[in-house]
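Trainee: Quick one: the structure is below, and I'll ask about it shortly.
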Amino acid sequence: MSHFLRFLGLLPAIFFTLSAHASICGLRGSVRDRLSDCATFNGAKKGQYLVVSRMRDGSEILLDMKAQILWSPSLAGKFSQFKAIEACATRRPEFADIQEVEWSLPTADDYSDARKKSLQTVFIGERDQEWFWSQTVVPFDGLVAYVYDGSSGDIAYHNRNGKMSARCVGR
């Protein structure tokens with residue numbers, strides 16, 4: 001079990017405290033440090049999600065408390081599914097240099113679970129309303145992978161060479 005997953009069992013109730021304003025937070029340190037830094041800001045809890053980092057541009061890294069995974073904001077640019085996998089594994093978002101976390105492209109199951117928790121209503125920026133790659137290849141066709149609609153929460157599939165948005169999950 002990773003240090004990150006062991007840590008999640010230690011989330012204190014203080015992370016649910018909110019203050020009256022939103023600001024940048026959680027840009028340095030471990031997941032615990034970042035959660036603590038963001039805990040006192042308005043909007044630190046969004047349903048099933050806690051803000052781990054909030055950047056100057058307003059984008060956020062969120063922790064799904066139940067699934068115990070981190071969700072990155074949308075990465076800049078469009079990718080084939082192959083390049084999206086590589087981007088999450090090797091070109092982590094520059095603000096997500098959390099040592100105990102390994103980043104990857106979400107699976108179709110990650111998106112299906114997130115849809116049940118209304119992820120599409122938590123990420124509401126312009127780039128969040130796009131189609132996002134999953135790492136899950138459709139079983140009946142190796143040239144096709146599942147994709148997630150950031151605006152409706154629907155899951156469909158698309159040719160892996162097409163250009164779509166990407167977001168990463170941390171475990």
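Chain labels follow the order of the structure tokens: the first chain is A, the next B, and so on; residue numbering restarts at 1 in every chain, and ligands are counted from 1 in their shown order.
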If we count only C-alpha atoms and set the cut-off at 8 Å, which residues sit around stretch 50-55 of chain A, ignoring sequence neighbours fewer than 5 positions away in its own chain? Please answer as a list in words.
Mentor: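 Residues meeting the cut-off are Phe15, Ser23, Ile24, Cys25, Gly26, Leu27, Val31, Arg34, Leu35, Cys38, Ala39, Gly43, Ala44, Lys45, Glu60, Ile61, Leu62, Leu63, Asp64, Met65 and Phe95 of chain A.
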Trainee: Near stretch 158-164 of chain A, counting only C-alpha atoms, which residues have an atom at most 12 Å away, once you skip same-chain residues fewer than 3 positions from it, shown as a ChimeraX atom specification?
Mentor: /A:74-85,127-138,141-150,155,167
Trainee: Let me make sure I understand: among A:Leu70, A:Cys88, A:Ala114, A:Val122, which one has the smallest atom-to-atom distance to A:Glu100 if we use only C-alpha atoms?
Mentor: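 Among the listed residues, the smallest separation from A:Glu100 belongs to A:Leu70.
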Trainee: A:Glu86, A:Asp37, A:Asp110, A:Asp57: which is nearest A:Trp71, counting only C-alpha atoms?
Mentor: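 Among A:Glu86, A:Asp37, A:Asp110, A:Asp57, it is A:Asp110 that comes nearest to A:Trp71.
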Trainee: Residues of stretch 83-156 of chain A in alpha helix (DSSP H) according to DSSP, as a list in words?
Mentor: Lys83, Ala84, Ile85, Glu86, Ala87, Cys88, Ala89, Thr90, Ala108, Asp109, Asp110, Tyr111, Ser112, Asp113, Ala114, Arg115, Lys116, Leu119, Gln120, Thr121 and Val122 of chain A
Trainee: Set the distance at 8 Å and use only C-alpha atoms: which residues neighbour A:Ile98 once local chain neighbours fewer than 6 positions away are removed? I'd like the list as a list of chain:residue names.
Mentor: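 The neighbour list is A:Arg28, A:Gly29, A:Ser30, A:Val31.
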Trainee: What is the distance between atom CA of A:Val169 and atom CA of A:Ser151, in Å to one decimal?
Mentor: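 Here the two named atoms are 18.3 Å from each other.
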Trainee: Considering only C-alpha atoms, return as a count of residues only whatever protein or nucleic-acid residues lie within 12 Å of A:Asp113, sequence-local ones (same chain, fewer than 3 positions apart) excluded.
Mentor: 20
Trainee: Quote the spacing between atom CA of A:Ser104 and atom CA of A:Lys46 in Å to one decimal place.
Mentor: 22.7 Å
